[in-house]
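Comments concern the structure below.
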Amino acid sequence: MFKTNRVFLFITVLLVASLACAVPNISLSAPPPPTQDPNLMGTIVAQTVAAAVMQTQSVPSLVPGVVLATDTPSPTFTATLTPTETLTPTPVFTSTPLIPLISVSVATNCRVGPGRVYDRVGALLVGEVAEVYGRNSDGTYWYIRNPNSPNNFCWLWGNYATLTGNFAALPMYTPPPTPTPMPDFAPSYAGKDSCAGWWVDIELENTGGIQFKSYSLTLRDTVTDTVLSTYADGFTDNTGCLESTTRTNLNPGSSRIISSPAFAYDPDGHQLRATITVCSNVGQGGTCVTKVINFTP
(Lines give C-alpha, C1' and ligand atoms only; values in the text may rest on other atoms or scores of the structure.)
Protein backbone atom coordinates (compact mmCIF):
# COMPACT_ATOMS: atom_id res chain seq x y z
CA MET A 1 0.00 0.00 0.00
CA PHE A 2 2.87 2.37 0.77
CA LYS A 3 4.43 1.68 -2.60
CA THR A 4 1.13 2.51 -4.37
CA ASN A 5 0.87 5.93 -2.61
CA ARG A 6 4.40 6.80 -3.70
CA VAL A 7 3.58 6.07 -7.32
CA PHE A 8 0.37 8.08 -7.11
CA LEU A 9 2.21 11.08 -5.63
CA PHE A 10 4.89 10.90 -8.30
CA ILE A 11 2.36 10.90 -11.12
CA THR A 12 0.45 13.78 -9.62
CA VAL A 13 3.57 15.93 -9.45
CA LEU A 14 4.40 15.17 -13.09
CA LEU A 15 0.92 16.17 -14.22
CA VAL A 16 0.99 19.44 -12.31
CA ALA A 17 4.39 20.30 -13.76
CA SER A 18 3.30 19.53 -17.30
CA LEU A 19 0.20 21.65 -16.97
CA ALA A 20 2.21 24.51 -15.65
CA CYS A 21 4.49 24.46 -18.64
CA ALA A 22 1.62 24.27 -21.07
CA VAL A 23 -0.25 27.41 -19.85
CA PRO A 24 0.16 30.23 -22.57
CA ASN A 25 0.66 33.90 -21.88
CA ILE A 26 -2.67 35.73 -21.70
CA SER A 27 -3.03 39.22 -23.10
CA LEU A 28 -5.73 41.65 -22.04
CA SER A 29 -7.18 41.82 -25.47
CA ALA A 30 -7.40 38.16 -26.16
CA PRO A 31 -10.57 36.34 -25.57
CA PRO A 32 -10.85 34.32 -22.42
CA PRO A 33 -9.59 30.72 -22.57
CA PRO A 34 -12.12 27.99 -22.82
CA THR A 35 -13.54 26.74 -19.58
CA GLN A 36 -11.97 23.47 -18.55
CA ASP A 37 -13.92 20.54 -17.10
CA PRO A 38 -13.23 20.64 -13.39
CA ASN A 39 -13.40 16.83 -13.25
CA LEU A 40 -10.91 16.33 -16.09
CA MET A 41 -7.89 16.52 -13.83
CA GLY A 42 -9.28 13.97 -11.36
CA THR A 43 -10.20 11.61 -14.16
CA ILE A 44 -6.73 11.71 -15.66
CA VAL A 45 -5.09 11.20 -12.30
CA ALA A 46 -7.40 8.28 -11.47
CA GLN A 47 -6.72 6.55 -14.81
CA THR A 48 -3.00 7.05 -14.42
CA VAL A 49 -3.02 5.66 -10.89
CA ALA A 50 -5.12 2.64 -11.96
CA ALA A 51 -2.70 1.87 -14.81
CA ALA A 52 0.25 2.13 -12.46
CA VAL A 53 -1.39 -0.14 -9.90
CA MET A 54 -2.19 -2.77 -12.54
CA GLN A 55 1.37 -2.63 -13.87
CA THR A 56 2.71 -2.96 -10.36
CA GLN A 57 0.55 -6.01 -9.60
CA SER A 58 1.45 -7.76 -12.86
CA VAL A 59 5.26 -7.32 -12.51
CA PRO A 60 6.91 -9.70 -10.10
CA SER A 61 9.05 -8.30 -7.33
CA LEU A 62 12.69 -7.84 -8.22
CA VAL A 63 13.81 -7.65 -4.61
CA PRO A 64 16.51 -10.26 -4.11
CA GLY A 65 15.70 -13.07 -1.72
CA VAL A 66 11.95 -12.42 -1.82
CA VAL A 67 9.69 -15.14 -3.17
CA LEU A 68 6.20 -14.12 -4.21
CA ALA A 69 3.38 -16.22 -2.84
CA THR A 70 0.97 -17.77 -5.32
CA ASP A 71 -2.63 -18.82 -5.03
CA THR A 72 -1.83 -22.45 -5.95
CA PRO A 73 -1.56 -24.44 -2.72
CA SER A 74 1.46 -26.68 -2.31
CA PRO A 75 0.62 -30.36 -2.34
CA THR A 76 0.34 -31.90 1.06
CA PHE A 77 2.29 -35.13 1.52
CA THR A 78 1.02 -37.66 3.98
CA ALA A 79 3.60 -40.14 5.19
CA THR A 80 2.40 -43.69 4.79
CA LEU A 81 3.83 -46.14 7.34
CA THR A 82 4.64 -49.53 5.92
CA PRO A 83 3.48 -52.22 8.41
CA THR A 84 6.32 -54.21 9.83
CA GLU A 85 6.19 -57.84 8.72
CA THR A 86 5.70 -60.30 11.58
CA LEU A 87 8.07 -63.21 11.22
CA THR A 88 6.52 -66.61 11.95
CA PRO A 89 8.94 -69.07 13.56
CA THR A 90 9.85 -71.86 11.19
CA PRO A 91 8.49 -75.17 12.60
CA VAL A 92 11.04 -77.80 13.37
CA PHE A 93 10.17 -81.09 11.72
CA THR A 94 11.36 -84.38 13.16
CA SER A 95 12.27 -86.70 10.34
CA THR A 96 10.82 -90.19 10.36
CA PRO A 97 13.60 -92.78 10.30
CA LEU A 98 13.84 -94.59 6.98
CA ILE A 99 14.40 -97.92 8.72
CA PRO A 100 11.64 -98.74 11.24
CA LEU A 101 12.37 -100.38 14.55
CA ILE A 102 10.66 -103.29 16.29
CA SER A 103 10.36 -104.34 19.94
CA VAL A 104 8.39 -107.08 21.72
CA SER A 105 6.40 -107.38 24.92
CA VAL A 106 7.20 -111.12 25.16
CA ALA A 107 10.52 -112.73 24.18
CA THR A 108 10.05 -114.06 20.62
CA ASN A 109 12.09 -116.51 18.54
CA CYS A 110 13.63 -115.39 15.27
CA ARG A 111 13.79 -117.99 12.48
CA VAL A 112 15.23 -118.42 9.00
CA GLY A 113 11.69 -118.20 7.61
CA PRO A 114 8.22 -116.97 8.61
CA GLY A 115 6.93 -120.02 10.49
CA ARG A 116 7.65 -122.61 13.13
CA VAL A 117 8.75 -125.11 10.47
CA TYR A 118 11.89 -123.01 9.97
CA ASP A 119 14.93 -123.35 12.19
CA ARG A 120 15.41 -120.95 15.08
CA VAL A 121 18.52 -118.78 14.72
CA GLY A 122 17.98 -116.12 17.38
CA ALA A 123 15.50 -114.31 19.61
CA LEU A 124 14.38 -110.76 20.35
CA LEU A 125 14.09 -110.19 24.11
CA VAL A 126 11.95 -107.69 26.01
CA GLY A 127 13.74 -104.33 26.08
CA GLU A 128 15.72 -104.98 22.89
CA VAL A 129 15.17 -103.14 19.59
CA ALA A 130 15.96 -104.40 16.10
CA GLU A 131 15.90 -102.84 12.63
CA VAL A 132 13.14 -104.01 10.26
CA TYR A 133 13.77 -104.41 6.53
CA GLY A 134 10.72 -106.27 5.19
CA ARG A 135 7.59 -108.31 5.86
CA ASN A 136 5.77 -111.38 4.56
CA SER A 137 2.64 -111.21 2.39
CA ASP A 138 0.11 -111.14 5.23
CA GLY A 139 2.14 -108.97 7.64
CA THR A 140 2.41 -111.61 10.36
CA TYR A 141 6.21 -111.89 10.24
CA TRP A 142 8.88 -109.18 10.00
CA TYR A 143 12.28 -109.52 8.37
CA ILE A 144 14.76 -108.02 10.85
CA ARG A 145 18.45 -107.82 11.60
CA ASN A 146 19.24 -110.82 13.81
CA PRO A 147 19.68 -109.56 17.41
CA ASN A 148 22.11 -112.44 18.07
CA SER A 149 24.08 -112.03 14.83
CA PRO A 150 24.06 -108.40 13.54
CA ASN A 151 25.54 -109.41 10.17
CA ASN A 152 22.60 -111.74 9.44
CA PHE A 153 18.81 -111.49 9.19
CA CYS A 154 15.87 -113.54 10.40
CA TRP A 155 12.06 -113.59 10.55
CA LEU A 156 10.26 -112.46 13.73
CA TRP A 157 6.64 -113.33 14.57
CA GLY A 158 4.67 -110.10 15.01
CA ASN A 159 2.11 -111.25 17.58
CA TYR A 160 3.90 -109.50 20.48
CA ALA A 161 5.67 -106.88 18.38
CA THR A 162 5.42 -103.08 18.31
CA LEU A 163 6.81 -101.15 15.33
CA THR A 164 7.87 -97.52 15.09
CA GLY A 165 8.95 -95.47 12.07
CA ASN A 166 7.90 -95.67 8.44
CA PHE A 167 7.02 -99.38 8.42
CA ALA A 168 4.11 -98.88 5.96
CA ALA A 169 6.62 -98.56 3.12
CA LEU A 170 8.46 -101.80 3.91
CA PRO A 171 8.91 -104.13 0.93
CA MET A 172 7.32 -107.57 0.89
CA TYR A 173 9.96 -110.30 0.92
CA THR A 174 9.49 -113.79 -0.46
CA PRO A 175 10.40 -116.28 2.27
CA PRO A 176 12.83 -119.13 1.60
CA PRO A 177 11.42 -122.52 0.58
CA THR A 178 9.80 -124.46 3.39
CA PRO A 179 12.22 -127.03 4.71
CA THR A 180 11.26 -130.68 4.68
CA PRO A 181 9.24 -131.00 7.89
CA MET A 182 10.65 -133.30 10.54
CA PRO A 183 8.07 -135.39 12.41
CA ASP A 184 8.24 -135.35 16.18
CA PHE A 185 6.03 -135.52 19.24
CA ALA A 186 6.31 -135.42 23.04
CA PRO A 187 4.35 -137.94 25.18
CA SER A 188 3.52 -137.41 28.89
CA TYR A 189 1.44 -139.08 31.60
CA ALA A 190 -1.98 -137.36 31.92
CA GLY A 191 -3.80 -139.33 34.67
CA LYS A 192 -5.65 -142.54 35.60
CA ASP A 193 -9.33 -143.47 35.17
CA SER A 194 -11.49 -146.51 35.93
CA CYS A 195 -14.72 -148.28 34.98
CA ALA A 196 -14.74 -152.11 35.31
CA GLY A 197 -10.95 -151.81 35.20
CA TRP A 198 -8.20 -149.20 35.41
CA TRP A 199 -6.45 -147.45 32.56
CA VAL A 200 -4.04 -144.54 32.13
CA ASP A 201 -4.24 -141.48 29.87
CA ILE A 202 -1.24 -140.29 27.88
CA GLU A 203 -1.03 -136.87 26.25
CA LEU A 204 0.62 -136.57 22.84
CA GLU A 205 1.92 -133.15 21.68
CA ASN A 206 2.90 -132.79 18.02
CA THR A 207 6.18 -130.84 18.13
CA GLY A 208 7.13 -131.58 14.50
CA GLY A 209 6.09 -130.32 11.14
CA ILE A 210 3.80 -133.09 9.83
CA GLN A 211 0.34 -134.31 10.69
CA PHE A 212 -0.26 -137.66 12.44
CA LYS A 213 -3.32 -139.84 11.76
CA SER A 214 -2.76 -143.14 13.64
CA TYR A 215 -0.88 -144.59 16.58
CA SER A 216 0.02 -147.77 18.43
CA LEU A 217 0.62 -148.19 22.20
CA THR A 218 2.27 -150.90 24.29
CA LEU A 219 2.02 -150.52 28.08
CA ARG A 220 4.11 -152.64 30.47
CA ASP A 221 3.76 -152.89 34.26
CA THR A 222 7.34 -153.39 35.43
CA VAL A 223 6.14 -154.69 38.81
CA THR A 224 3.77 -157.45 37.61
CA ASP A 225 5.27 -157.71 34.09
CA THR A 226 1.80 -157.25 32.64
CA VAL A 227 1.74 -156.06 29.00
CA LEU A 228 -1.21 -154.37 27.27
CA SER A 229 -1.27 -153.26 23.58
CA THR A 230 -3.58 -151.31 21.25
CA TYR A 231 -3.55 -149.43 17.97
CA ALA A 232 -6.07 -147.16 16.24
CA ASP A 233 -6.75 -144.64 13.49
CA GLY A 234 -7.48 -141.36 15.15
CA PHE A 235 -6.94 -140.53 18.81
CA THR A 236 -9.52 -141.61 21.44
CA ASP A 237 -9.84 -140.38 25.01
CA ASN A 238 -12.12 -142.44 27.30
CA THR A 239 -13.74 -140.59 30.18
CA GLY A 240 -15.49 -142.81 32.73
CA CYS A 241 -17.64 -145.70 31.61
CA LEU A 242 -19.71 -144.13 28.85
CA GLU A 243 -17.98 -141.02 27.51
CA SER A 244 -15.21 -140.89 24.94
CA THR A 245 -13.81 -138.37 22.47
CA THR A 246 -12.04 -139.25 19.21
CA ARG A 247 -10.02 -136.83 17.09
CA THR A 248 -9.02 -137.80 13.55
CA ASN A 249 -5.74 -135.89 13.23
CA LEU A 250 -2.91 -134.69 15.40
CA ASN A 251 -1.76 -131.46 13.73
CA PRO A 252 1.59 -129.71 14.29
CA GLY A 253 1.47 -127.67 17.47
CA SER A 254 -1.64 -129.41 18.85
CA SER A 255 -2.20 -132.08 21.53
CA ARG A 256 -4.41 -135.18 21.92
CA ILE A 257 -5.05 -137.59 24.80
CA ILE A 258 -5.20 -141.33 24.21
CA SER A 259 -6.40 -143.95 26.70
CA SER A 260 -4.58 -147.24 27.26
CA PRO A 261 -6.26 -150.61 27.47
CA ALA A 262 -7.62 -151.38 30.98
CA PHE A 263 -5.82 -153.34 33.66
CA ALA A 264 -7.80 -155.89 35.66
CA TYR A 265 -6.27 -154.39 38.80
CA ASP A 266 -5.36 -150.93 40.04
CA PRO A 267 -1.76 -150.18 38.95
CA ASP A 268 -1.48 -147.36 41.46
CA GLY A 269 2.15 -147.09 42.69
CA HIS A 270 3.51 -149.36 39.96
CA GLN A 271 6.11 -148.16 37.55
CA LEU A 272 4.75 -148.33 34.03
CA ARG A 273 6.61 -148.12 30.73
CA ALA A 274 4.75 -146.87 27.65
CA THR A 275 6.01 -147.28 24.09
CA ILE A 276 4.06 -145.03 21.69
CA THR A 277 4.35 -144.83 17.91
CA VAL A 278 2.55 -142.18 15.87
CA CYS A 279 2.29 -142.26 12.05
CA SER A 280 1.43 -139.82 9.26
CA ASN A 281 -1.04 -142.20 7.56
CA VAL A 282 -3.88 -144.39 8.79
CA GLY A 283 -3.14 -148.06 9.52
CA GLN A 284 0.16 -147.06 11.14
CA GLY A 285 1.63 -146.23 7.73
CA GLY A 286 3.62 -143.39 6.25
CA THR A 287 6.21 -141.61 8.36
CA CYS A 288 6.25 -142.88 11.96
CA VAL A 289 8.00 -141.77 15.14
CA THR A 290 8.36 -143.82 18.33
CA LYS A 291 8.93 -142.57 21.90
CA VAL A 292 9.21 -144.36 25.27
CA ILE A 293 8.28 -142.88 28.66
CA ASN A 294 8.28 -144.24 32.25
CA PHE A 295 5.85 -143.02 34.89
CA THR A 296 4.09 -144.11 38.10
CA PRO A 297 0.32 -143.51 38.37
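Residues in the C-alpha coordinates are numbered from 1 in each chain, the chains being A, B, ... in the order shown, and ligands are numbered from 1 in the order shown.
Looking only at stretch 91-125 of chain A, the set that DSSP places in strand (DSSP E or B) from backbone geometry is A:Leu101, A:Ile102, A:Ser103, A:Val104, A:Thr108, A:Asn109, A:Cys110, A:Arg111, A:Arg120, A:Val121, A:Gly122, A:Ala123, A:Leu124.
For A:Asn148, the residues within 12 Å (counting only C-alpha atoms, excluding itself and residues fewer than 6 positions away along the chain) are Asn109, Cys110, Arg111, Arg120, Val121, Gly122, Ala123, Leu124, Leu125, Glu128, Val129, Ala130 and Cys154 of chain A.
Remark: for A:Gly158, the closest of the candidate residues A:Asn206, A:Thr180, A:Ser105, A:Thr275 is A:Ser105 (distances computed over only C-alpha atoms).
Among the candidates A:Gly283, A:Pro187, A:Pro171, A:Gly240, the residue lying nearest to A:Ser255 is A:Pro187 (atoms considered: only C-alpha atoms).
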Worksheet entry | Residue nearest A:Pro261 - candidates A:Ala190, A:Val223, A:Leu242, A:Cys195, atoms counted: only C-alpha atoms |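 Using only C-alpha atoms, the shortest distance to A:Pro261 belongs to A:Cys195.
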Discussion item. Can you pull out the residues contacting A:Asn136? Cut-off 10 Å, using only C-alpha atoms, and skip same-chain residues under 5 positions away; I want them as a list in words.
Written reply: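 Contacts, in chain order: Gly113, Pro114, Tyr141, Trp142, Tyr143, Trp155, Leu170, Pro171, Met172, Tyr173, Thr174 and Pro175 of chain A.
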Fill in: Top pick for closest residue to A:Ile257, considering A:Val200, A:Val112, A:Val106, A:Ala161 and counting only C-alpha atoms
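Under the stated criterion, the closest residue is A:Val200.
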Worksheet item: Quick one: residues within 7 Å of stretch 277-282 of chain A, only C-alpha atoms counted, chain neighbours fewer than 4 positions away excluded, as a list of chain:residue names?
Response: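 Once the nearby chain positions are removed, what remains is A:Gln211, A:Phe212, A:Lys213, A:Ser214, A:Tyr215, A:Ser216, A:Leu217, A:Asp233, A:Gly286, A:Thr287, A:Cys288, A:Val289, A:Thr290, A:Lys291.
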Item to complete: Might you pull out every residue within 12 Å of A:Arg256, with only C-alpha atoms counted and same-chain residues fewer than 6 positions away left off, and present them as a PyMOL selection string?
Response: chain A and resi 185-190+201-206+212-215+234-238+245-250+278
Worksheet entry | Contacts of A:Phe167 within 10 Å, only C-alpha atoms, excl. fewer than 5 positions in-chain, as number ranges by chain | A: 97-102, 132-135
Practice prompt. Name the closest residue to A:Gly209 among the candidates A:Ala264, A:Cys241, A:Val117, A:Ile144; distances are taken between atoms, counting only C-alpha atoms.
Written response: A:Val117
Worksheet entry | Atomic separation - atom CA of A:Arg145 relative to atom CA of A:Gly115, Å |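 Between atom CA of A:Gly115 and atom CA of A:Arg145 the gap works out to 16.8 Å.
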